[in-house]
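**Q** protein.pdb is reproduced in full below (PDB, C-alpha atoms, pLDDT in the B column).
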ATOM      1  CA  MET A1388     -32.332  10.094  82.561  1.00 58.00           C
ATOM      2  CA  THR A1389     -35.976  11.048  82.545  1.00 51.00           C
ATOM      3  CA  SER A1390     -37.186  14.572  82.062  1.00 42.00           C
ATOM      4  CA  THR A1391     -40.067  16.906  81.531  1.00 37.00           C
ATOM      5  CA  VAL A1392     -39.928  20.388  80.054  1.00 32.00           C
ATOM      6  CA  PRO A1393     -38.269  22.499  82.788  1.00 34.00           C
ATOM      7  CA  ALA A1394     -39.860  25.734  83.907  1.00 36.00           C
ATOM      8  CA  LEU A1395     -36.977  28.009  82.990  1.00 35.00           C
ATOM      9  CA  GLY A1396     -39.036  31.186  83.213  1.00 35.00           C
ATOM     10  CA  THR A1397     -38.352  31.381  86.925  1.00 39.00           C
ATOM     11  CA  ARG A1398     -39.300  34.048  89.415  1.00 38.00           C
ATOM     12  CA  THR A1399     -35.936  34.334  91.130  1.00 42.00           C
ATOM     13  CA  ALA A1400     -34.666  36.871  93.639  1.00 44.00           C
ATOM     14  CA  GLU A1401     -33.570  40.117  92.038  1.00 47.00           C
ATOM     15  CA  GLY A1402     -29.923  39.932  91.035  1.00 52.00           C
ATOM     16  CA  SER A1403     -29.550  36.264  91.978  1.00 66.00           C
ATOM     17  CA  ALA A1404     -27.438  34.065  89.741  1.00 90.00           C
ATOM     18  CA  LEU A1405     -29.289  30.907  90.786  1.00 95.00           C
ATOM     19  CA  GLN A1406     -30.537  29.008  87.730  1.00 97.00           C
ATOM     20  CA  ALA A1407     -31.439  25.600  89.163  1.00 98.00           C
ATOM     21  CA  VAL A1408     -31.379  23.411  92.259  1.00 98.00           C
ATOM     22  CA  LEU A1409     -30.053  19.856  92.058  1.00 98.00           C
ATOM     23  CA  LEU A1410     -30.925  17.500  94.899  1.00 98.00           C
ATOM     24  CA  ASP A1411     -29.466  14.212  96.034  1.00 97.00           C
ATOM     25  CA  MET A1412     -31.951  11.551  97.156  1.00 95.00           C
ATOM     26  CA  ASP A1413     -30.821   9.049  99.823  1.00 92.00           C
ATOM     27  CA  GLY A1414     -30.021  10.781 103.092  1.00 91.00           C
ATOM     28  CA  THR A1415     -30.827  14.196 101.630  1.00 96.00           C
ATOM     29  CA  LEU A1416     -34.530  14.105 100.772  1.00 97.00           C
ATOM     30  CA  VAL A1417     -35.430  10.661 102.107  1.00 93.00           C
ATOM     31  CA  ASP A1418     -34.133   9.109 105.316  1.00 90.00           C
ATOM     32  CA  THR A1419     -32.863   5.937 103.674  1.00 85.00           C
ATOM     33  CA  GLU A1420     -29.082   5.790 104.187  1.00 77.00           C
ATOM     34  CA  GLY A1421     -29.757   3.495 107.141  1.00 83.00           C
ATOM     35  CA  PHE A1422     -32.008   1.347 104.961  1.00 86.00           C
ATOM     36  CA  TRP A1423     -29.145   0.566 102.593  1.00 84.00           C
ATOM     37  CA  TRP A1424     -26.846  -0.474 105.437  1.00 88.00           C
ATOM     38  CA  ASP A1425     -29.543  -2.629 107.033  1.00 91.00           C
ATOM     39  CA  VAL A1426     -30.175  -4.379 103.720  1.00 91.00           C
ATOM     40  CA  GLU A1427     -26.448  -4.891 103.140  1.00 91.00           C
ATOM     41  CA  CYS A1428     -26.126  -6.441 106.601  1.00 95.00           C
ATOM     42  CA  GLU A1429     -29.109  -8.723 105.987  1.00 94.00           C
ATOM     43  CA  VAL A1430     -27.930  -9.873 102.569  1.00 95.00           C
ATOM     44  CA  PHE A1431     -24.424 -10.655 103.756  1.00 95.00           C
ATOM     45  CA  ALA A1432     -25.780 -12.399 106.846  1.00 95.00           C
ATOM     46  CA  SER A1433     -27.713 -14.689 104.501  1.00 95.00           C
ATOM     47  CA  LEU A1434     -24.396 -15.401 102.792  1.00 95.00           C
ATOM     48  CA  GLY A1435     -22.757 -16.253 106.110  1.00 95.00           C
ATOM     49  CA  HIS A1436     -20.902 -12.982 106.714  1.00 96.00           C
ATOM     50  CA  THR A1437     -21.123 -10.228 109.308  1.00 96.00           C
ATOM     51  CA  LEU A1438     -20.390  -6.665 108.213  1.00 95.00           C
ATOM     52  CA  ASP A1439     -18.116  -4.514 110.359  1.00 94.00           C
ATOM     53  CA  GLU A1440     -19.835  -1.284 111.468  1.00 91.00           C
ATOM     54  CA  SER A1441     -16.730   0.688 110.454  1.00 90.00           C
ATOM     55  CA  TRP A1442     -17.391  -0.261 106.821  1.00 90.00           C
ATOM     56  CA  ARG A1443     -20.567   1.786 106.854  1.00 86.00           C
ATOM     57  CA  HIS A1444     -18.614   5.006 106.365  1.00 79.00           C
ATOM     58  CA  VAL A1445     -16.792   3.439 103.425  1.00 80.00           C
ATOM     59  CA  VAL A1446     -19.910   2.465 101.486  1.00 78.00           C
ATOM     60  CA  VAL A1447     -22.228   5.374 102.327  1.00 75.00           C
ATOM     61  CA  GLY A1448     -23.136   7.647  99.435  1.00 67.00           C
ATOM     62  CA  GLY A1449     -21.266   5.711  96.811  1.00 68.00           C
ATOM     63  CA  PRO A1450     -22.455   3.925  93.673  1.00 75.00           C
ATOM     64  CA  MET A1451     -23.497   0.325  94.121  1.00 80.00           C
ATOM     65  CA  THR A1452     -20.586  -0.916  92.027  1.00 82.00           C
ATOM     66  CA  ARG A1453     -18.173   0.621  94.530  1.00 82.00           C
ATOM     67  CA  SER A1454     -19.999  -0.204  97.770  1.00 85.00           C
ATOM     68  CA  ALA A1455     -21.006  -3.725  96.770  1.00 88.00           C
ATOM     69  CA  GLY A1456     -17.573  -4.400  95.311  1.00 90.00           C
ATOM     70  CA  PHE A1457     -15.918  -3.276  98.519  1.00 92.00           C
ATOM     71  CA  LEU A1458     -18.145  -5.508 100.654  1.00 93.00           C
ATOM     72  CA  ILE A1459     -17.520  -8.561  98.455  1.00 94.00           C
ATOM     73  CA  GLU A1460     -13.777  -8.018  98.718  1.00 93.00           C
ATOM     74  CA  ALA A1461     -13.867  -7.271 102.461  1.00 94.00           C
ATOM     75  CA  THR A1462     -15.936 -10.352 103.328  1.00 95.00           C
ATOM     76  CA  GLY A1463     -14.744 -12.755 100.655  1.00 95.00           C
ATOM     77  CA  ALA A1464     -18.374 -13.602  99.908  1.00 94.00           C
ATOM     78  CA  ASP A1465     -18.932 -16.026  97.046  1.00 94.00           C
ATOM     79  CA  ILE A1466     -21.231 -13.845  94.952  1.00 95.00           C
ATOM     80  CA  SER A1467     -20.852 -11.761  91.812  1.00 95.00           C
ATOM     81  CA  LEU A1468     -21.340  -8.015  91.739  1.00 92.00           C
ATOM     82  CA  GLU A1469     -24.341  -8.425  89.434  1.00 92.00           C
ATOM     83  CA  GLU A1470     -26.002 -10.998  91.705  1.00 95.00           C
ATOM     84  CA  LEU A1471     -25.401  -8.855  94.779  1.00 94.00           C
ATOM     85  CA  ALA A1472     -26.818  -5.743  93.099  1.00 90.00           C
ATOM     86  CA  VAL A1473     -30.095  -7.572  92.428  1.00 92.00           C
ATOM     87  CA  LEU A1474     -30.362  -8.725  96.053  1.00 95.00           C
ATOM     88  CA  LEU A1475     -29.585  -5.254  97.416  1.00 91.00           C
ATOM     89  CA  ASN A1476     -32.047  -3.465  95.137  1.00 88.00           C
ATOM     90  CA  ASP A1477     -34.753  -6.040  95.899  1.00 93.00           C
ATOM     91  CA  GLY A1478     -34.186  -5.685  99.631  1.00 92.00           C
ATOM     92  CA  PHE A1479     -34.203  -1.899  99.460  1.00 86.00           C
ATOM     93  CA  GLU A1480     -37.443  -1.828  97.475  1.00 89.00           C
ATOM     94  CA  GLN A1481     -39.080  -4.036 100.096  1.00 90.00           C
ATOM     95  CA  ARG A1482     -37.948  -1.590 102.795  1.00 87.00           C
ATOM     96  CA  ILE A1483     -39.279   1.519 101.097  1.00 86.00           C
ATOM     97  CA  ASP A1484     -42.536  -0.249 100.256  1.00 86.00           C
ATOM     98  CA  ARG A1485     -43.100  -0.533 104.010  1.00 86.00           C
ATOM     99  CA  ALA A1486     -42.061   3.043 104.839  1.00 85.00           C
ATOM    100  CA  LEU A1487     -40.270   5.926 103.162  1.00 90.00           C
ATOM    101  CA  PRO A1488     -39.628   8.694 105.695  1.00 92.00           C
ATOM    102  CA  LEU A1489     -38.704  12.125 104.393  1.00 95.00           C
ATOM    103  CA  MET A1490     -35.858  14.096 105.898  1.00 95.00           C
ATOM    104  CA  PRO A1491     -36.987  17.048 108.052  1.00 95.00           C
ATOM    105  CA  GLY A1492     -37.569  20.057 105.803  1.00 97.00           C
ATOM    106  CA  ALA A1493     -37.659  18.071 102.547  1.00 97.00           C
ATOM    107  CA  ALA A1494     -41.384  18.455 101.799  1.00 96.00           C
ATOM    108  CA  ARG A1495     -41.291  22.164 102.591  1.00 97.00           C
ATOM    109  CA  LEU A1496     -38.239  22.788 100.380  1.00 98.00           C
ATOM    110  CA  LEU A1497     -39.701  20.886  97.430  1.00 98.00           C
ATOM    111  CA  ALA A1498     -42.973  22.802  97.739  1.00 97.00           C
ATOM    112  CA  GLU A1499     -41.132  26.127  97.834  1.00 97.00           C
ATOM    113  CA  LEU A1500     -39.020  25.343  94.783  1.00 97.00           C
ATOM    114  CA  ARG A1501     -42.140  24.347  92.869  1.00 97.00           C
ATOM    115  CA  GLU A1502     -44.066  27.437  93.998  1.00 97.00           C
ATOM    116  CA  TYR A1503     -41.352  29.746  92.680  1.00 96.00           C
ATOM    117  CA  GLU A1504     -40.808  27.676  89.522  1.00 96.00           C
ATOM    118  CA  ILE A1505     -37.164  26.913  90.212  1.00 97.00           C
ATOM    119  CA  PRO A1506     -35.894  24.218  87.825  1.00 98.00           C
ATOM    120  CA  THR A1507     -35.147  21.263  90.061  1.00 98.00           C
ATOM    121  CA  ALA A1508     -33.508  17.909  89.362  1.00 98.00           C
ATOM    122  CA  LEU A1509     -33.120  14.743  91.412  1.00 98.00           C
ATOM    123  CA  VAL A1510     -29.576  13.406  91.046  1.00 98.00           C
ATOM    124  CA  SER A1511     -28.791  10.046  92.643  1.00 95.00           C
ATOM    125  CA  ALA A1512     -26.255   7.231  92.483  1.00 92.00           C
ATOM    126  CA  SER A1513     -29.147   4.801  92.948  1.00 90.00           C
ATOM    127  CA  HIS A1514     -30.433   2.828  89.984  1.00 89.00           C
ATOM    128  CA  ARG A1515     -33.403   3.999  87.917  1.00 94.00           C
ATOM    129  CA  ARG A1516     -35.706   1.310  89.354  1.00 88.00           C
ATOM    130  CA  ILE A1517     -35.087   2.717  92.843  1.00 89.00           C
ATOM    131  CA  ILE A1518     -35.381   6.374  91.839  1.00 94.00           C
ATOM    132  CA  ASP A1519     -38.727   5.805  90.137  1.00 94.00           C
ATOM    133  CA  ARG A1520     -40.071   4.056  93.236  1.00 91.00           C
ATOM    134  CA  VAL A1521     -38.965   6.957  95.464  1.00 93.00           C
ATOM    135  CA  LEU A1522     -40.288   9.553  92.988  1.00 95.00           C
ATOM    136  CA  SER A1523     -43.742   8.053  93.321  1.00 91.00           C
ATOM    137  CA  VAL A1524     -43.649   9.124  96.985  1.00 88.00           C
ATOM    138  CA  LEU A1525     -41.794  12.431  96.637  1.00 92.00           C
ATOM    139  CA  GLY A1526     -44.006  13.453  93.731  1.00 95.00           C
ATOM    140  CA  PRO A1527     -42.487  13.495  90.229  1.00 96.00           C
ATOM    141  CA  HIS A1528     -44.128  16.901  89.635  1.00 97.00           C
ATOM    142  CA  HIS A1529     -41.473  18.435  91.895  1.00 97.00           C
ATOM    143  CA  PHE A1530     -38.690  17.613  89.443  1.00 98.00           C
ATOM    144  CA  ALA A1531     -38.051  18.711  85.877  1.00 98.00           C
ATOM    145  CA  LEU A1532     -35.799  15.683  85.465  1.00 97.00           C
ATOM    146  CA  SER A1533     -33.980  12.946  87.349  1.00 98.00           C
ATOM    147  CA  VAL A1534     -30.590  11.337  86.786  1.00 98.00           C
ATOM    148  CA  ALA A1535     -29.859   7.782  87.964  1.00 96.00           C
ATOM    149  CA  GLY A1536     -26.487   6.241  88.689  1.00 93.00           C
ATOM    150  CA  ASP A1537     -26.936   3.582  86.029  1.00 92.00           C
ATOM    151  CA  GLU A1538     -27.670   6.163  83.316  1.00 95.00           C
ATOM    152  CA  VAL A1539     -24.349   8.017  83.219  1.00 95.00           C
ATOM    153  CA  PRO A1540     -20.897   6.834  82.083  1.00 93.00           C
ATOM    154  CA  ARG A1541     -19.475   7.520  85.551  1.00 94.00           C
ATOM    155  CA  THR A1542     -21.547   8.127  88.642  1.00 92.00           C
ATOM    156  CA  LYS A1543     -20.628   9.939  91.857  1.00 93.00           C
ATOM    157  CA  PRO A1544     -17.959  10.986  92.894  1.00 93.00           C
ATOM    158  CA  HIS A1545     -17.368  11.853  89.224  1.00 96.00           C
ATOM    159  CA  PRO A1546     -19.027  15.041  87.908  1.00 98.00           C
ATOM    160  CA  ASP A1547     -21.048  13.264  85.203  1.00 98.00           C
ATOM    161  CA  PRO A1548     -24.420  13.086  87.059  1.00 97.00           C
ATOM    162  CA  TYR A1549     -24.492  16.796  87.894  1.00 98.00           C
ATOM    163  CA  LEU A1550     -23.194  17.825  84.478  1.00 98.00           C
ATOM    164  CA  ALA A1551     -25.953  15.699  82.912  1.00 98.00           C
ATOM    165  CA  ALA A1552     -28.590  17.321  85.125  1.00 98.00           C
ATOM    166  CA  ALA A1553     -27.412  20.847  84.297  1.00 98.00           C
ATOM    167  CA  ALA A1554     -27.307  20.034  80.590  1.00 98.00           C
ATOM    168  CA  GLY A1555     -30.786  18.536  80.746  1.00 98.00           C
ATOM    169  CA  LEU A1556     -32.111  21.704  82.369  1.00 98.00           C
ATOM    170  CA  GLY A1557     -30.186  23.922  79.944  1.00 97.00           C
ATOM    171  CA  VAL A1558     -28.344  25.751  82.734  1.00 97.00           C
ATOM    172  CA  ASP A1559     -24.771  26.543  83.729  1.00 97.00           C
ATOM    173  CA  PRO A1560     -23.482  24.105  86.401  1.00 97.00           C
ATOM    174  CA  MET A1561     -21.792  27.031  88.138  1.00 95.00           C
ATOM    175  CA  ARG A1562     -25.231  28.629  88.555  1.00 96.00           C
ATOM    176  CA  CYS A1563     -26.654  25.521  90.201  1.00 97.00           C
ATOM    177  CA  ALA A1564     -27.051  24.919  93.920  1.00 97.00           C
ATOM    178  CA  VAL A1565     -26.605  21.293  94.942  1.00 98.00           C
ATOM    179  CA  VAL A1566     -27.759  19.742  98.215  1.00 98.00           C
ATOM    180  CA  GLU A1567     -25.879  16.587  99.246  1.00 97.00           C
ATOM    181  CA  ASP A1568     -25.382  14.509 102.395  1.00 94.00           C
ATOM    182  CA  THR A1569     -22.165  12.555 101.746  1.00 92.00           C
ATOM    183  CA  ALA A1570     -18.563  13.326 100.840  1.00 92.00           C
ATOM    184  CA  THR A1571     -18.964  11.277  97.662  1.00 93.00           C
ATOM    185  CA  GLY A1572     -21.900  13.376  96.482  1.00 95.00           C
ATOM    186  CA  VAL A1573     -20.201  16.615  97.485  1.00 96.00           C
ATOM    187  CA  ALA A1574     -17.118  15.649  95.472  1.00 96.00           C
ATOM    188  CA  SER A1575     -19.304  14.955  92.438  1.00 97.00           C
ATOM    189  CA  ALA A1576     -21.099  18.297  92.639  1.00 97.00           C
ATOM    190  CA  GLU A1577     -17.904  20.261  93.251  1.00 97.00           C
ATOM    191  CA  ALA A1578     -16.165  18.548  90.346  1.00 97.00           C
ATOM    192  CA  ALA A1579     -19.062  19.722  88.170  1.00 98.00           C
ATOM    193  CA  GLY A1580     -18.480  23.303  89.352  1.00 96.00           C
ATOM    194  CA  CYS A1581     -21.695  23.664  91.373  1.00 96.00           C
ATOM    195  CA  GLN A1582     -22.256  25.541  94.616  1.00 95.00           C
ATOM    196  CA  VAL A1583     -22.780  22.919  97.306  1.00 96.00           C
ATOM    197  CA  VAL A1584     -24.818  22.727 100.492  1.00 97.00           C
ATOM    198  CA  ALA A1585     -23.766  19.727 102.566  1.00 97.00           C
ATOM    199  CA  VAL A1586     -26.199  18.283 105.101  1.00 96.00           C
ATOM    200  CA  PRO A1587     -24.145  15.414 106.585  1.00 94.00           C
ATOM    201  CA  SER A1588     -26.130  12.251 107.310  1.00 87.00           C
ATOM    202  CA  VAL A1589     -23.765   9.456 108.386  1.00 81.00           C
ATOM    203  CA  ALA A1590     -20.235  10.899 108.257  1.00 85.00           C
ATOM    204  CA  PRO A1591     -19.128  14.500 108.929  1.00 90.00           C
ATOM    205  CA  ILE A1592     -18.305  16.877 106.075  1.00 93.00           C
ATOM    206  CA  LEU A1593     -16.013  19.865 106.595  1.00 91.00           C
ATOM    207  CA  PRO A1594     -16.734  23.341 105.179  1.00 90.00           C
ATOM    208  CA  ALA A1595     -14.633  24.423 102.196  1.00 90.00           C
ATOM    209  CA  ALA A1596     -14.541  27.035  99.464  1.00 86.00           C
ATOM    210  CA  GLY A1597     -17.768  26.848  97.448  1.00 82.00           C
ATOM    211  CA  ARG A1598     -19.301  24.557 100.075  1.00 93.00           C
ATOM    212  CA  THR A1599     -21.645  25.391 102.937  1.00 96.00           C
ATOM    213  CA  VAL A1600     -22.270  22.830 105.684  1.00 97.00           C
ATOM    214  CA  VAL A1601     -25.561  22.993 107.598  1.00 96.00           C
ATOM    215  CA  PRO A1602     -26.976  20.755 110.356  1.00 95.00           C
ATOM    216  CA  SER A1603     -30.351  20.105 108.737  1.00 95.00           C
ATOM    217  CA  LEU A1604     -32.365  20.609 105.596  1.00 96.00           C
ATOM    218  CA  GLU A1605     -34.735  22.637 107.744  1.00 96.00           C
ATOM    219  CA  VAL A1606     -32.418  25.657 107.487  1.00 95.00           C
ATOM    220  CA  VAL A1607     -32.280  25.450 103.671  1.00 97.00           C
ATOM    221  CA  ASN A1608     -34.850  27.544 101.811  1.00 96.00           C
ATOM    222  CA  LEU A1609     -34.960  29.462  98.559  1.00 95.00           C
ATOM    223  CA  SER A1610     -33.581  32.634 100.117  1.00 94.00           C
ATOM    224  CA  PHE A1611     -30.675  30.620 101.520  1.00 96.00           C
ATOM    225  CA  LEU A1612     -29.945  29.096  98.109  1.00 96.00           C
ATOM    226  CA  HIS A1613     -30.088  32.472  96.382  1.00 94.00           C
ATOM    227  CA  GLY A1614     -27.599  33.714  98.952  1.00 92.00           C
ATOM    228  CA  LEU A1615     -25.030  31.157  97.812  1.00 89.00           C
ATOM    229  CA  MET A1616     -24.849  32.957  94.484  1.00 87.00           C
ATOM    230  CA  THR A1617     -24.607  36.549  95.687  1.00 73.00           C
ATOM    231  CA  GLU A1618     -20.853  36.764  95.182  1.00 57.00           C
ATOM    232  CA  MET A1619     -20.991  35.459  91.627  1.00 60.00           C
ATOM    233  CA  PRO A1620     -20.765  37.883  88.655  1.00 53.00           C
TER     234      PRO A1620
END
Represent the supplied structure as structure tokens.

**A**
Amino acid sequence: MTSTVPALGTRTAEGSALQAVLLDMDGTLVDTEGFWWDVECEVFASLGHTLDESWRHVVVGGPMTRSAGFLIEATGADISLEELAVLLNDGFEQRIDRALPLMPGAARLLAELREYEIPTALVSASHRRIIDRVLSVLGPHHFALSVAGDEVPRTKPHPDPYLAAAAGLGVDPMRCAVVEDTATGVASAEAAGCQVVAVPSVAPILPAAGRTVVPSLEVVNLSFLHGLMTEMP
């Protein structure tokens, strides 16, 4: 986990309980969920296997150990998890070196959070090498800290990444708003006790208590995030 000193002296809406905003990366801020699937298909094709499109919903949003492990088992490919992880990360880095499109509304939201000095963390199941590459495009100045999937004992869907981010910012997880795009990430944030905004990317996510589902990041702004906390004591 990397960090800078968070700006905890925030100018928040009067009476709001919002202390921090925690953001997922792939499919939430950057339009890269499709990149991962394309790379997985290419790597397994080189190994002599074709991936079934239905598997995409199984592997989306999960840690590499889970997604890569599932694909090895499903295809019977003769490759270790460690070897496959290197190939997938290498392929993904090559993709984002060519282009790294932001999700609609991402740049505007990050600028707004920075303008109003809202402590913000990037929380991803991707490895540190990938996060640092993406941060160079998003702008590391937008984030007080970042948490990578290979830096916590258990990554998403376990609560560890979001608990680590809240602890690093010195805030209460229950006072954090999380923005996620997959069921795996939503489960992680909810297990940590956070208020969740789901912006589904590949698979649908149903509304639930403590969870708000929206069609696009373009409808998420600081006022919206403050509103998630209005019912809290």

**Q** Interatomic distance between CA of Leu1489 in chain A and CA of Val1600 in chain A?

**A**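 Atom-to-atom, CA of Leu1489 in chain A to CA of Val1600 in chain A, that is 19.7 Å.
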
**Q** Between CA of Ser1575 in chain A and CA of Arg1482 in chain A, what distance in Å does the model show, to one decimal?

**A**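 Straight-line distance from CA of Ser1575 in chain A to CA of Arg1482 in chain A works out to 27.0 Å.
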
**Q** Work out how far CA of Ala1551 in chain A is from CA of Ala1570 in chain A, in Å to one decimal.

**A**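 We find that CA of Ala1570 in chain A and CA of Ala1551 in chain A lie 19.5 Å from each other.
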
**Q** Please provide as a list in words all residues within 7 Å of Val1408 in chain A, with the sequence filter that same-chain residues fewer than 4 positions apart are discarded (counting all atoms listed in the file).

**A**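 Answer for this query is Pro1506, Thr1507, Ala1508, Cys1563, Ala1564 and Val1565 of chain A.
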
**Q** Going by the chain IDs and residue numbers used in this file, which residues fall under the PyMOL selection byres ((chain A and resi 1417-1427) around 8)? Write them as a ChimeraX atom specification.

**A** /A:1412-1416,1428-1431,1443,1447-1448,1475,1478-1479,1482,1487-1490,1493,1588-1589

**Q** Is there a way to get, as a list in words, all residues within 9 Å of the point (-39.4, 5.7, 96.2) in file coordinates, counting all atoms listed in the file?

**A**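 I get Val1417, Glu1480, Ile1483, Asp1484, Leu1487, Arg1516, Ile1517, Ile1518, Asp1519, Arg1520, Val1521, Leu1522, Ser1523, Val1524 and Leu1525 of chain A for the residues within 9 Å of that point.
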
**Q** Tell me which residues the PyMOL selection byres ((chain A and resi 1543) around 9) grabs here, as a compact mmCIF listing (two decimals) with C-alpha atoms, in the coordinates of the input.

**A**
# COMPACT_ATOMS: atom_id res chain seq x y z
CA GLY A 1448 -23.14 7.65 99.44
CA GLY A 1449 -21.27 5.71 96.81
CA PRO A 1450 -22.46 3.92 93.67
CA SER A 1511 -28.79 10.05 92.64
CA ALA A 1512 -26.26 7.23 92.48
CA GLY A 1536 -26.49 6.24 88.69
CA ARG A 1541 -19.48 7.52 85.55
CA THR A 1542 -21.55 8.13 88.64
CA PRO A 1544 -17.96 10.99 92.89
CA HIS A 1545 -17.37 11.85 89.22
CA PRO A 1546 -19.03 15.04 87.91
CA ASP A 1547 -21.05 13.26 85.20
CA PRO A 1548 -24.42 13.09 87.06
CA TYR A 1549 -24.49 16.80 87.89
CA THR A 1571 -18.96 11.28 97.66
CA GLY A 1572 -21.90 13.38 96.48
CA VAL A 1573 -20.20 16.61 97.48
CA ALA A 1574 -17.12 15.65 95.47
CA SER A 1575 -19.30 14.96 92.44
CA ALA A 1576 -21.10 18.30 92.64

**Q** Would you please work out which residue, of A:Ala1455, A:Ala1461, A:Ala1472, A:Ala1407, is nearest to Cys1581 in chain A when using all atoms listed in the file?

**A**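 Ranking A:Ala1455, A:Ala1461, A:Ala1472, A:Ala1407 by distance to Cys1581 in chain A, first place goes to A:Ala1407.
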
**Q** For Val1510 in chain A, find every residue with an atom within 6 Å (counting only C-alpha atoms), except residues of its own chain fewer than 6 positions away, and show them as a list of chain:residue names.

**A**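 Final neighbour list, sorted by chain and number: A:Leu1410, A:Asp1411, A:Ser1533, A:Val1534.
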
**Q** Select, from A:Leu1500, A:Met1451, A:Glu1440, A:Gly1555, the residue with the minimum atom-to-atom distance to His1514 in chain A, counting all atoms listed in the file.

**A**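 Looking at the shortest contact to His1514 in chain A, the residue is A:Met1451.
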
**Q** Taking into account all atoms listed in the file, which residue in the set A:Leu1458, A:Ala1498, A:Leu1438, A:Leu1409 is nearest to Val1566 in chain A?

**A** A:Leu1409

**Q** Write out as a PyMOL selection string which residues come within 10 Å of range 1592-1595 of chain A when counting all atoms listed in the file, dropping same-chain ones fewer than 6 positions away.

**A** chain A and resi 1568-1570+1573+1583-1586+1601
